[in-house]
>>> print(open('entry_37.pdb').read())   # PDB, C-alpha atoms
ATOM      1  CA  MET A   1     -13.007  -9.429 -35.679
ATOM      2  CA  VAL A   2     -13.399 -10.410 -39.339
ATOM      3  CA  ALA A   3     -16.176  -8.574 -41.213
ATOM      4  CA  LYS A   4     -18.918 -10.812 -42.519
ATOM      5  CA  LEU A   5     -22.221 -10.644 -44.349
ATOM      6  CA  VAL A   6     -25.065 -12.985 -43.451
ATOM      7  CA  VAL A   7     -28.220 -12.888 -45.585
ATOM      8  CA  THR A   8     -31.466 -14.563 -44.573
ATOM      9  CA  LYS A   9     -35.043 -14.650 -45.835
ATOM     10  CA  ASP A  10     -37.947 -13.125 -43.901
ATOM     11  CA  THR A  11     -38.555 -16.608 -42.490
ATOM     12  CA  GLY A  12     -35.055 -16.730 -41.029
ATOM     13  CA  GLU A  13     -33.861 -19.256 -43.616
ATOM     14  CA  LEU A  14     -30.162 -18.728 -44.340
ATOM     15  CA  LEU A  15     -29.299 -17.701 -47.900
ATOM     16  CA  PHE A  16     -25.537 -17.297 -47.499
ATOM     17  CA  ASP A  17     -22.852 -16.540 -44.955
ATOM     18  CA  THR A  18     -19.658 -14.969 -46.334
ATOM     19  CA  THR A  19     -17.529 -16.685 -43.686
ATOM     20  CA  LYS A  20     -18.368 -20.027 -45.318
ATOM     21  CA  ILE A  21     -17.787 -21.205 -48.870
ATOM     22  CA  CYS A  22     -21.040 -21.667 -50.779
ATOM     23  CA  TYR A  23     -21.846 -24.131 -53.549
ATOM     24  CA  GLY A  24     -23.219 -22.929 -56.873
ATOM     25  CA  LEU A  25     -24.772 -24.589 -59.914
ATOM     26  CA  VAL A  26     -22.225 -25.396 -62.620
ATOM     27  CA  LYS A  27     -24.243 -27.625 -64.966
ATOM     28  CA  SER A  28     -27.740 -29.053 -65.437
ATOM     29  CA  GLY A  29     -29.456 -31.100 -68.111
ATOM     30  CA  ASN A  30     -30.717 -34.575 -68.980
ATOM     31  CA  LEU A  31     -28.557 -37.645 -68.555
ATOM     32  CA  ALA A  32     -27.193 -38.985 -71.852
ATOM     33  CA  TYR A  33     -26.667 -42.626 -72.846
ATOM     34  CA  LEU A  34     -23.010 -43.629 -72.445
ATOM     35  CA  GLU A  35     -22.677 -47.373 -73.067
ATOM     36  CA  ASN A  36     -24.009 -50.785 -72.127
ATOM     37  CA  TRP A  37     -22.549 -52.443 -69.027
ATOM     38  CA  ALA A  38     -22.652 -56.223 -69.273
ATOM     39  CA  ARG A  39     -23.506 -58.468 -66.344
ATOM     40  CA  TYR A  40     -21.068 -61.254 -65.466
ATOM     41  CA  TYR A  41     -21.633 -64.984 -64.965
ATOM     42  CA  LEU A  42     -19.397 -67.690 -63.507
ATOM     43  CA  LYS A  43     -18.004 -69.748 -66.411
ATOM     44  CA  SER A  44     -18.438 -73.003 -64.502
ATOM     45  CA  ALA A  45     -19.944 -73.977 -61.171
ATOM     46  CA  GLN A  46     -16.684 -75.756 -60.333
ATOM     47  CA  LEU A  47     -14.596 -72.584 -60.648
ATOM     48  CA  ASP A  48     -13.517 -70.356 -57.758
ATOM     49  CA  PRO A  49     -15.890 -67.351 -57.696
ATOM     50  CA  SER A  50     -13.290 -65.247 -55.842
ATOM     51  CA  ASN A  51     -11.068 -65.281 -58.953
ATOM     52  CA  GLY A  52     -12.099 -62.536 -61.349
ATOM     53  CA  GLU A  53     -10.756 -64.466 -64.344
ATOM     54  CA  ASN A  54     -13.489 -67.058 -63.806
ATOM     55  CA  TRP A  55     -16.217 -64.565 -64.685
ATOM     56  CA  ALA A  56     -17.279 -63.552 -68.196
ATOM     57  CA  PRO A  57     -19.767 -61.006 -69.574
ATOM     58  CA  GLU A  58     -23.143 -62.101 -70.850
ATOM     59  CA  SER A  59     -22.798 -63.178 -74.469
ATOM     60  CA  GLU A  60     -26.313 -62.675 -75.778
ATOM     61  CA  THR A  61     -26.725 -61.363 -79.341
ATOM     62  CA  PRO A  62     -27.164 -58.434 -79.242
ATOM     63  CA  PRO A  63     -25.172 -58.112 -75.999
ATOM     64  CA  ARG A  64     -27.369 -57.620 -72.958
ATOM     65  CA  GLY A  65     -26.645 -55.836 -69.713
ATOM     66  CA  ASP A  66     -27.618 -52.478 -68.211
ATOM     67  CA  PRO A  67     -27.508 -49.134 -70.044
ATOM     68  CA  ALA A  68     -25.295 -46.546 -68.354
ATOM     69  CA  TYR A  69     -26.260 -42.876 -68.490
ATOM     70  CA  GLY A  70     -24.349 -39.842 -67.322
ATOM     71  CA  PHE A  71     -22.842 -36.425 -67.914
ATOM     72  CA  THR A  72     -19.401 -34.818 -67.825
ATOM     73  CA  VAL A  73     -18.271 -31.722 -65.959
ATOM     74  CA  THR A  74     -14.876 -30.038 -66.354
ATOM     75  CA  ASN A  75     -12.599 -28.272 -63.881
ATOM     76  CA  ALA A  76     -14.749 -29.335 -60.926
ATOM     77  CA  LEU A  77     -13.227 -29.151 -57.444
ATOM     78  CA  SER A  78     -15.734 -30.905 -55.170
ATOM     79  CA  PRO A  79     -18.952 -31.488 -57.139
ATOM     80  CA  ILE A  80     -22.239 -32.731 -55.716
ATOM     81  CA  VAL A  81     -25.081 -33.956 -57.946
ATOM     82  CA  PHE A  82     -28.846 -33.957 -57.394
ATOM     83  CA  ILE A  83     -31.170 -35.849 -59.748
ATOM     84  CA  THR A  84     -34.835 -35.721 -60.672
ATOM     85  CA  GLY A  85     -36.050 -39.056 -61.987
ATOM     86  CA  PRO A  86     -34.728 -42.573 -61.268
ATOM     87  CA  GLY A  87     -31.056 -43.433 -61.137
ATOM     88  CA  CYS A  88     -28.340 -44.987 -58.956
ATOM     89  CA  LEU A  89     -24.853 -43.482 -59.054
ATOM     90  CA  ASN A  90     -22.466 -46.292 -59.967
ATOM     91  CA  GLY A  91     -19.217 -44.414 -60.188
ATOM     92  CA  VAL A  92     -17.283 -41.389 -61.398
ATOM     93  CA  SER A  93     -14.552 -41.604 -64.035
ATOM     94  CA  ARG A  94     -11.780 -39.034 -64.462
ATOM     95  CA  SER A  95      -9.915 -38.022 -67.592
ATOM     96  CA  GLY A  96      -7.642 -35.022 -67.264
ATOM     97  CA  ASN A  97      -9.737 -32.186 -65.839
ATOM     98  CA  SER A  98     -13.052 -33.901 -66.687
ATOM     99  CA  MET A  99     -15.282 -35.981 -64.416
ATOM    100  CA  THR A 100     -18.054 -38.215 -65.775
ATOM    101  CA  PHE A 101     -20.840 -39.246 -63.388
ATOM    102  CA  ILE A 102     -22.298 -42.648 -64.327
ATOM    103  CA  TYR A 103     -25.818 -43.781 -63.408
ATOM    104  CA  ILE A 104     -27.520 -47.159 -63.804
ATOM    105  CA  ASN A 105     -31.323 -47.631 -63.629
ATOM    106  CA  ALA A 106     -31.780 -44.215 -65.249
ATOM    107  CA  ASP A 107     -32.765 -42.994 -68.700
ATOM    108  CA  GLU A 108     -32.644 -39.877 -70.858
ATOM    109  CA  ASN A 109     -35.570 -38.382 -68.915
ATOM    110  CA  THR A 110     -33.566 -38.249 -65.678
ATOM    111  CA  LYS A 111     -32.434 -34.691 -64.972
ATOM    112  CA  PHE A 112     -29.255 -33.693 -63.118
ATOM    113  CA  TYR A 113     -28.185 -30.571 -61.257
ATOM    114  CA  CYS A 114     -24.443 -30.418 -60.544
ATOM    115  CA  PHE A 115     -23.144 -27.979 -57.933
ATOM    116  CA  ASP A 116     -19.554 -27.163 -57.051
ATOM    117  CA  LEU A 117     -17.615 -24.736 -54.874
ATOM    118  CA  MET A 118     -18.369 -21.239 -56.130
ATOM    119  CA  ALA A 119     -15.784 -19.904 -58.571
ATOM    120  CA  ASN A 120     -14.570 -16.548 -59.828
ATOM    121  CA  ASN A 121     -14.587 -17.483 -63.507
ATOM    122  CA  ILE A 122     -18.132 -16.612 -64.619
ATOM    123  CA  ALA A 123     -18.750 -13.683 -66.912
ATOM    124  CA  GLY A 124     -21.535 -11.180 -66.265
ATOM    125  CA  SER A 125     -22.587  -8.191 -64.183
ATOM    126  CA  PRO A 126     -23.725  -6.722 -61.891
ATOM    127  CA  TYR A 127     -22.632  -9.092 -59.159
ATOM    128  CA  LEU A 128     -21.837  -9.539 -55.513
ATOM    129  CA  LYS A 129     -18.682 -11.484 -54.712
ATOM    130  CA  THR A 130     -17.230 -12.185 -51.293
ATOM    131  CA  PHE A 131     -13.861 -13.687 -50.421
ATOM    132  CA  LEU A 132     -12.257 -15.349 -47.431
ATOM    133  CA  GLU A 133      -9.090 -13.942 -45.888
ATOM    134  CA  ASP A 134      -6.959 -16.431 -47.850
ATOM    135  CA  GLY A 135      -8.371 -15.120 -51.146
ATOM    136  CA  ARG A 136     -10.754 -17.958 -51.927
ATOM    137  CA  ILE A 137     -14.142 -16.867 -53.208
ATOM    138  CA  SER A 138     -16.966 -17.729 -50.818
ATOM    139  CA  PHE A 139     -19.957 -16.347 -52.723
ATOM    140  CA  ASN A 140     -20.623 -15.279 -56.321
ATOM    141  CA  SER A 141     -24.101 -13.982 -57.129
ATOM    142  CA  LEU A 142     -23.597 -14.959 -60.797
ATOM    143  CA  GLN A 143     -24.037 -18.616 -59.774
ATOM    144  CA  PRO A 144     -27.396 -20.039 -58.626
ATOM    145  CA  PRO A 145     -26.636 -21.141 -55.051
ATOM    146  CA  LEU A 146     -27.239 -24.589 -53.590
ATOM    147  CA  ASN A 147     -30.154 -24.430 -51.154
ATOM    148  CA  VAL A 148     -30.962 -27.685 -49.361
ATOM    149  CA  VAL A 149     -34.606 -27.514 -48.274
ATOM    150  CA  ALA A 150     -34.954 -30.914 -46.585
ATOM    151  CA  VAL A 151     -33.068 -33.966 -45.373
ATOM    152  CA  VAL A 152     -34.967 -37.243 -45.571
ATOM    153  CA  SER A 153     -33.889 -40.584 -44.115
ATOM    154  CA  ALA A 154     -34.620 -43.777 -45.987
ATOM    155  CA  PRO A 155     -37.286 -45.936 -44.299
ATOM    156  CA  GLY A 156     -36.227 -49.122 -42.540
ATOM    157  CA  LYS A 157     -36.626 -52.634 -43.859
ATOM    158  CA  PRO A 158     -40.077 -54.221 -44.023
ATOM    159  CA  ALA A 159     -40.980 -57.284 -42.011
ATOM    160  CA  PRO A 160     -39.219 -60.392 -43.349
ATOM    161  CA  ARG A 161     -41.063 -63.243 -44.959
ATOM    162  CA  PRO A 162     -42.540 -65.659 -42.446
ATOM    163  CA  GLY A 163     -41.403 -69.159 -41.582
ATOM    164  CA  ASN A 164     -38.460 -70.730 -43.374
ATOM    165  CA  GLN A 165     -38.012 -67.722 -45.684
ATOM    166  CA  SER A 166     -37.189 -65.273 -42.909
ATOM    167  CA  ALA A 167     -33.910 -64.216 -44.567
ATOM    168  CA  TRP A 168     -35.848 -62.749 -47.498
ATOM    169  CA  TYR A 169     -37.918 -59.577 -47.924
ATOM    170  CA  ASP A 170     -40.608 -58.754 -50.479
ATOM    171  CA  PHE A 171     -39.317 -55.157 -50.742
ATOM    172  CA  THR A 172     -36.210 -53.275 -49.620
ATOM    173  CA  TYR A 173     -38.145 -50.569 -47.733
ATOM    174  CA  SER A 174     -41.057 -50.596 -45.330
ATOM    175  CA  GLY A 175     -44.040 -49.286 -47.270
ATOM    176  CA  GLY A 176     -42.249 -49.887 -50.548
ATOM    177  CA  TYR A 177     -43.111 -51.509 -53.855
ATOM    178  CA  ASN A 178     -41.351 -53.193 -56.778
ATOM    179  CA  VAL A 179     -41.172 -52.121 -60.420
ATOM    180  CA  GLN A 180     -40.230 -54.646 -63.126
ATOM    181  CA  ARG A 181     -38.713 -52.204 -65.601
ATOM    182  CA  ARG A 182     -37.535 -54.858 -68.039
ATOM    183  CA  GLY A 183     -38.874 -58.382 -68.402
ATOM    184  CA  MET A 184     -37.152 -61.728 -68.062
ATOM    185  CA  THR A 185     -37.069 -62.098 -71.855
ATOM    186  CA  GLY A 186     -36.239 -59.636 -74.606
ATOM    187  CA  PRO A 187     -33.340 -58.775 -76.893
ATOM    188  CA  ASN A 188     -32.219 -55.406 -75.629
ATOM    189  CA  TYR A 189     -31.195 -55.482 -71.955
ATOM    190  CA  SER A 190     -31.073 -57.838 -69.003
ATOM    191  CA  PRO A 191     -34.148 -58.045 -66.729
ATOM    192  CA  ALA A 192     -34.329 -55.233 -64.205
ATOM    193  CA  LEU A 193     -36.326 -55.118 -60.982
ATOM    194  CA  ASP A 194     -36.378 -51.948 -58.869
ATOM    195  CA  SER A 195     -37.558 -51.783 -55.266
ATOM    196  CA  ARG A 196     -38.714 -48.261 -54.391
ATOM    197  CA  VAL A 197     -40.456 -46.200 -51.740
ATOM    198  CA  ASP A 198     -42.030 -42.758 -52.191
ATOM    199  CA  ILE A 199     -41.762 -39.956 -49.619
ATOM    200  CA  ALA A 200     -44.287 -37.141 -50.013
ATOM    201  CA  LEU A 201     -43.306 -33.474 -49.788
ATOM    202  CA  ALA A 202     -45.105 -30.307 -50.928
ATOM    203  CA  GLY A 203     -46.510 -30.389 -54.457
ATOM    204  CA  GLU A 204     -43.562 -29.133 -56.500
ATOM    205  CA  GLU A 205     -40.582 -30.700 -58.245
ATOM    206  CA  TYR A 206     -37.511 -31.762 -56.270
ATOM    207  CA  ALA A 207     -34.064 -33.227 -56.889
ATOM    208  CA  ALA A 208     -32.209 -35.441 -54.422
ATOM    209  CA  HIS A 209     -28.637 -36.403 -53.569
ATOM    210  CA  LEU A 210     -27.622 -39.521 -51.644
ATOM    211  CA  PRO A 211     -24.254 -38.992 -49.898
ATOM    212  CA  TRP A 212     -23.660 -42.741 -49.548
ATOM    213  CA  SER A 213     -25.526 -45.865 -50.539
ATOM    214  CA  ARG A 214     -25.967 -49.561 -49.784
ATOM    215  CA  ASN A 215     -25.936 -52.844 -51.678
ATOM    216  CA  ALA A 216     -28.207 -55.861 -51.338
ATOM    217  CA  ILE A 217     -29.096 -59.081 -53.183
ATOM    218  CA  CYS A 218     -32.109 -59.414 -55.458
ATOM    219  CA  LEU A 219     -33.837 -62.532 -56.779
ATOM    220  CA  ASN A 220     -35.569 -61.459 -59.988
ATOM    221  CA  GLY A 221     -38.151 -64.138 -60.787
ATOM    222  CA  SER A 222     -38.992 -67.492 -59.248
ATOM    223  CA  ALA A 223     -36.224 -69.656 -57.854
ATOM    224  CA  ALA A 224     -36.736 -72.063 -60.744
ATOM    225  CA  ALA A 225     -36.462 -69.476 -63.531
ATOM    226  CA  GLY A 226     -34.878 -66.424 -61.953
ATOM    227  CA  TYR A 227     -31.366 -65.494 -60.923
ATOM    228  CA  THR A 228     -29.739 -63.290 -58.362
ATOM    229  CA  VAL A 229     -27.996 -59.984 -58.936
ATOM    230  CA  SER A 230     -26.460 -57.339 -56.737
ATOM    231  CA  VAL A 231     -28.536 -54.173 -56.365
ATOM    232  CA  SER A 232     -27.327 -50.710 -55.370
ATOM    233  CA  GLU A 233     -29.197 -47.827 -53.800
ATOM    234  CA  GLY A 234     -30.158 -44.416 -55.107
ATOM    235  CA  ALA A 235     -32.442 -41.480 -54.316
ATOM    236  CA  TYR A 236     -34.160 -39.107 -56.694
ATOM    237  CA  GLY A 237     -36.599 -36.218 -56.712
ATOM    238  CA  ARG A 238     -39.930 -35.992 -58.498
ATOM    239  CA  THR A 239     -43.008 -33.796 -58.456
ATOM    240  CA  GLY A 240     -44.523 -34.003 -54.977
ATOM    241  CA  GLY A 241     -41.624 -35.646 -53.165
ATOM    242  CA  ILE A 242     -38.582 -37.887 -53.427
ATOM    243  CA  SER A 243     -38.056 -41.625 -53.755
ATOM    244  CA  PHE A 244     -35.441 -44.099 -52.586
ATOM    245  CA  MET A 245     -34.677 -47.125 -54.720
ATOM    246  CA  PHE A 246     -32.578 -50.242 -55.097
ATOM    247  CA  GLY A 247     -31.806 -51.308 -58.667
ATOM    248  CA  ALA A 248     -29.357 -53.570 -60.476
ATOM    249  CA  ALA A 249     -25.746 -52.603 -59.821
ATOM    250  CA  GLY A 250     -23.606 -51.789 -62.833
ATOM    251  CA  ALA A 251     -21.670 -54.827 -64.145
ATOM    252  CA  THR A 252     -23.239 -57.008 -61.458
ATOM    253  CA  THR A 253     -22.565 -60.716 -61.285
ATOM    254  CA  ILE A 254     -25.490 -63.021 -61.993
ATOM    255  CA  GLY A 255     -26.101 -66.608 -60.997
ATOM    256  CA  ASN A 256     -28.614 -69.247 -60.106
ATOM    257  CA  THR A 257     -30.509 -68.549 -56.911
ATOM    258  CA  PRO A 258     -28.518 -69.724 -53.878
ATOM    259  CA  ALA A 259     -30.070 -70.556 -50.561
ATOM    260  CA  ALA A 260     -29.864 -67.924 -47.842
ATOM    261  CA  GLY A 261     -28.071 -68.518 -44.559
ATOM    262  CA  ASP A 262     -31.130 -70.286 -43.159
ATOM    263  CA  GLY A 263     -31.269 -72.611 -46.168
ATOM    264  CA  SER A 264     -34.360 -70.999 -47.704
ATOM    265  CA  VAL A 265     -34.937 -70.368 -51.401
ATOM    266  CA  PRO A 266     -37.961 -68.117 -51.976
ATOM    267  CA  ALA A 267     -40.617 -68.041 -54.643
ATOM    268  CA  GLY A 268     -41.024 -64.909 -56.745
ATOM    269  CA  ASN A 269     -39.137 -61.631 -56.483
ATOM    270  CA  ALA A 270     -37.302 -61.184 -53.189
ATOM    271  CA  PHE A 271     -34.400 -59.372 -51.516
ATOM    272  CA  ARG A 272     -31.895 -60.197 -48.788
ATOM    273  CA  ASN A 273     -28.691 -58.909 -47.159
ATOM    274  CA  ILE A 274     -30.183 -55.416 -46.797
ATOM    275  CA  PRO A 275     -27.978 -53.414 -44.400
ATOM    276  CA  ASP A 276     -29.760 -52.032 -41.327
ATOM    277  CA  LEU A 277     -28.046 -48.626 -41.347
ATOM    278  CA  ALA A 278     -29.920 -46.354 -43.768
ATOM    279  CA  PRO A 279     -28.658 -43.198 -45.527
ATOM    280  CA  THR A 280     -30.204 -39.727 -45.527
ATOM    281  CA  ALA A 281     -30.934 -37.864 -48.769
ATOM    282  CA  LEU A 282     -30.415 -34.135 -49.299
ATOM    283  CA  VAL A 283     -33.268 -32.436 -51.157
ATOM    284  CA  ILE A 284     -33.498 -29.252 -53.242
ATOM    285  CA  ARG A 285     -36.309 -27.546 -55.140
ATOM    286  CA  THR A 286     -35.734 -27.330 -58.893
ATOM    287  CA  ALA A 287     -37.953 -24.272 -59.386
ATOM    288  CA  GLY A 288     -35.839 -21.239 -60.250
ATOM    289  CA  LEU A 289     -32.768 -23.256 -61.264
ATOM    290  CA  PRO A 290     -31.759 -22.759 -64.913
ATOM    291  CA  PHE A 291     -32.260 -25.862 -67.036
ATOM    292  CA  PRO A 292     -30.383 -26.802 -69.096
ATOM    293  CA  TYR A 293     -27.391 -24.832 -67.864
ATOM    294  CA  GLN A 294     -23.806 -24.487 -69.171
TER     295      GLN A 294
END
>>> encode(input="entry_37.pdb", output="structure tokens")
Amino acid sequence: MVAKLVVTKDTGELLFDTTKICYGLVKSGNLAYLENWARYYLKSAQLDPSNGENWAPESETPPRGDPAYGFTVTNALSPIVFITGPGCLNGVSRSGNSMTFIYINADENTKFYCFDLMANNIAGSPYLKTFLEDGRISFNSLQPPLNVVAVVSAPGKPAPRPGNQSAWYDFTYSGGYNVQRRGMTGPNYSPALDSRVDIALAGEEYAAHLPWSRNAICLNGSAAAGYTVSVSEGAYGRTGGISFMFGAAGATTIGNTPAAGDGSVPAGNAFRNIPDLAPTALVIRTAGLPFPYQ
């Protein structure tokens, strides 16, 4: 039998098990502005939309689009990121041994907590380190451990609009609401409409991670003046709970409002093509985690 050490709290909550590899905090801080991601429009209604060469970035002066925020971590093996404050992960770029996590619908107030497999490369003492039989480190007390305190499923879709607009929804979540973060006019960035829902937890600050996300279609504005964009999903922590959200996808295409499958074109802000299967967010408390870190 292999020797092992299992540590729990008085409540029975597991702190760590040396037979399993634990995750530890490797970096935390505020997201930083990276660059502006333009939205793309079809050059002509007569062109084939399936051909990428027929799309071009918005050409407003100054260029409009969506600001991308993020952070970079080096030498990561299998990182997982939790955020406090709005944001939708829109990709990860690699350069050598560096990984940059890129978020849309965020800002410099959004905080991140990046965890990775615990490592044996952190200076300091005293410490407790445990290893698996193959030599891999499974726990290092010099790293703040990842402790998931809740898993929360995103609510289902709300009831659709009545009558001949049944393909459209006012919000993306039952019990949700919309936030017009940027207006339909203005020189800086393209209009941005978020659809969110708040889930209450105990009154402290949390961060959330969404293992996978969905896409949908958003009409931002009336059918006469608005246009459709693709929206992607995110989840984030806040004081007193977490929130799920759909916001503009990075480098989304834009276009005049098309009719839905039932031929309807709605009035005002609306959403459609929301997948039925909903993801589940992982939640951590931020209290006790060093910030900023590394």
>>> atom_distance(input="entry_37.pdb", atom1="atom CA of A:Thr74", atom2="atom CA of A:Leu117")
12.9 Å
>>> resolve_selection(input="entry_37.pdb", expression="the PyMOL selection byres ((chain A and resi 159-176) around 10)", output="PyMOL selection string")
chain A and resi 154-158+177-178+194-199+216-219+233+243-246+259-275
>>> resolve_selection(input="entry_37.pdb", expression="the PyMOL selection byres ((chain A and resi 15) around 12)", output="PyMOL selection string")
chain A and resi 5-14+16-18+20+22-23+139+141+144-149
>>> write_last_selection(input="entry_37.pdb", atoms="C-alpha atoms", output="PDB file, in the coordinates of the input")
ATOM      1  CA  LEU A   5     -22.221 -10.644 -44.349  1.00  0.00           C
ATOM      2  CA  VAL A   6     -25.065 -12.985 -43.451  1.00  0.00           C
ATOM      3  CA  VAL A   7     -28.220 -12.888 -45.585  1.00  0.00           C
ATOM      4  CA  THR A   8     -31.466 -14.563 -44.573  1.00  0.00           C
ATOM      5  CA  LYS A   9     -35.043 -14.650 -45.835  1.00  0.00           C
ATOM      6  CA  ASP A  10     -37.947 -13.125 -43.901  1.00  0.00           C
ATOM      7  CA  THR A  11     -38.555 -16.608 -42.490  1.00  0.00           C
ATOM      8  CA  GLY A  12     -35.055 -16.730 -41.029  1.00  0.00           C
ATOM      9  CA  GLU A  13     -33.861 -19.256 -43.616  1.00  0.00           C
ATOM     10  CA  LEU A  14     -30.162 -18.728 -44.340  1.00  0.00           C
ATOM     11  CA  PHE A  16     -25.537 -17.297 -47.499  1.00  0.00           C
ATOM     12  CA  ASP A  17     -22.852 -16.540 -44.955  1.00  0.00           C
ATOM     13  CA  THR A  18     -19.658 -14.969 -46.334  1.00  0.00           C
ATOM     14  CA  LYS A  20     -18.368 -20.027 -45.318  1.00  0.00           C
ATOM     15  CA  CYS A  22     -21.040 -21.667 -50.779  1.00  0.00           C
ATOM     16  CA  TYR A  23     -21.846 -24.131 -53.549  1.00  0.00           C
ATOM     17  CA  PHE A 139     -19.957 -16.347 -52.723  1.00  0.00           C
ATOM     18  CA  SER A 141     -24.101 -13.982 -57.129  1.00  0.00           C
ATOM     19  CA  PRO A 144     -27.396 -20.039 -58.626  1.00  0.00           C
ATOM     20  CA  PRO A 145     -26.636 -21.141 -55.051  1.00  0.00           C
ATOM     21  CA  LEU A 146     -27.239 -24.589 -53.590  1.00  0.00           C
ATOM     22  CA  ASN A 147     -30.154 -24.430 -51.154  1.00  0.00           C
ATOM     23  CA  VAL A 148     -30.962 -27.685 -49.361  1.00  0.00           C
ATOM     24  CA  VAL A 149     -34.606 -27.514 -48.274  1.00  0.00           C
TER      25      VAL A 149
END
>>> axis_aligned_box(input="entry_37.pdb", around="stretch 131-144 of chain A", padding_each_side="4 Å", output="lines of an AutoDock Vina configuration file")
center_x = -17.2
center_y = -16.9
center_z = -53.3
size_x = 28.4
size_y = 14.4
size_z = 22.9
>>> resolve_selection(input="entry_37.pdb", expression="the PyMOL selection byres ((chain A and resi 126) around 9)", output="PyMOL selection string")
chain A and resi 124-125+127-128+141-142
>>> write_last_selection(input="entry_37.pdb", atoms="C-alpha atoms", output="PDB file, in the frame of the given file")
ATOM      1  CA  GLY A 124     -21.535 -11.180 -66.265  1.00  0.00           C
ATOM      2  CA  SER A 125     -22.587  -8.191 -64.183  1.00  0.00           C
ATOM      3  CA  TYR A 127     -22.632  -9.092 -59.159  1.00  0.00           C
ATOM      4  CA  LEU A 128     -21.837  -9.539 -55.513  1.00  0.00           C
ATOM      5  CA  SER A 141     -24.101 -13.982 -57.129  1.00  0.00           C
ATOM      6  CA  LEU A 142     -23.597 -14.959 -60.797  1.00  0.00           C
TER       7      LEU A 142
END
>>> atom_distance(input="entry_37.pdb", atom1="atom CA of A:Pro191", atom2="atom CA of A:Glu60")
12.8 Å
>>> atom_distance(input="entry_37.pdb", atom1="atom CA of A:Asn121", atom2="atom CA of A:Ile83")
25.0 Å
>>> residues_around(input="entry_37.pdb", residues="A:Thr286", least_positions_apart="6", cutoff="8 Å", atoms="only C-alpha atoms", output="ChimeraX atom specification")
/A:205-207
>>> closest_residue(input="entry_37.pdb", among="A:Lys129, A:Arg214, A:Lys111, A:Arg181", to="A:Gly237", atoms="only C-alpha atoms")
A:Lys111
>>> closest_residue(input="entry_37.pdb", among="A:Ala56, A:Ala281, A:Ala287, A:Leu47", to="A:His209", atoms="all atoms listed in the file")
A:Ala281
>>> closest_residue(input="entry_37.pdb", among="A:Asn36, A:Thr130, A:Asn30, A:Thr19", to="A:Pro292", atoms="all atoms listed in the file")
A:Asn30
>>> residues_around(input="entry_37.pdb", residues="A:Gly183", least_positions_apart="3", cutoff="10 Å", atoms="only C-alpha atoms", output="list of chain:residue names")
A:Gln180, A:Gly186, A:Tyr189, A:Ser190, A:Pro191, A:Ala192, A:Leu193, A:Asn220, A:Gly221
>>> closest_residue(input="entry_37.pdb", among="A:Asn215, A:Gly24, A:Asn54, A:Ser95", to="A:Asn120", atoms="only C-alpha atoms")
A:Gly24
>>> residues_near_point(input="entry_37.pdb", point="(-33.8, -39.0, -67.5)", cutoff="12 Å", atoms="only C-alpha atoms", output="number ranges by chain")
A: 28-33, 68-71, 83-88, 103-113, 236-238
>>> write_last_selection(input="entry_37.pdb", atoms="C-alpha atoms", output="short mmCIF file (atom, residue, chain, number, x, y, z; two decimals), in the coordinates of the input")
data_model
loop_
_atom_site.label_atom_id
_atom_site.label_comp_id
_atom_site.auth_asym_id
_atom_site.auth_seq_id
_atom_site.Cartn_x
_atom_site.Cartn_y
_atom_site.Cartn_z
CA SER A 28 -27.74 -29.05 -65.44
CA GLY A 29 -29.46 -31.10 -68.11
CA ASN A 30 -30.72 -34.58 -68.98
CA LEU A 31 -28.56 -37.65 -68.56
CA ALA A 32 -27.19 -38.98 -71.85
CA TYR A 33 -26.67 -42.63 -72.85
CA ALA A 68 -25.30 -46.55 -68.35
CA TYR A 69 -26.26 -42.88 -68.49
CA GLY A 70 -24.35 -39.84 -67.32
CA PHE A 71 -22.84 -36.42 -67.91
CA ILE A 83 -31.17 -35.85 -59.75
CA THR A 84 -34.84 -35.72 -60.67
CA GLY A 85 -36.05 -39.06 -61.99
CA PRO A 86 -34.73 -42.57 -61.27
CA GLY A 87 -31.06 -43.43 -61.14
CA CYS A 88 -28.34 -44.99 -58.96
CA TYR A 103 -25.82 -43.78 -63.41
CA ILE A 104 -27.52 -47.16 -63.80
CA ASN A 105 -31.32 -47.63 -63.63
CA ALA A 106 -31.78 -44.22 -65.25
CA ASP A 107 -32.76 -42.99 -68.70
CA GLU A 108 -32.64 -39.88 -70.86
CA ASN A 109 -35.57 -38.38 -68.92
CA THR A 110 -33.57 -38.25 -65.68
CA LYS A 111 -32.43 -34.69 -64.97
CA PHE A 112 -29.26 -33.69 -63.12
CA TYR A 113 -28.18 -30.57 -61.26
CA TYR A 236 -34.16 -39.11 -56.69
CA GLY A 237 -36.60 -36.22 -56.71
CA ARG A 238 -39.93 -35.99 -58.50
#
>>> closest_residue(input="entry_37.pdb", among="A:Val283, A:Val229, A:Leu34, A:Val26", to="A:Leu210", atoms="only C-alpha atoms")
A:Val283
>>> closest_residue(input="entry_37.pdb", among="A:Pro211, A:Ala248, A:Ala38, A:Glu204", to="A:Arg285", atoms="only C-alpha atoms")
A:Glu204
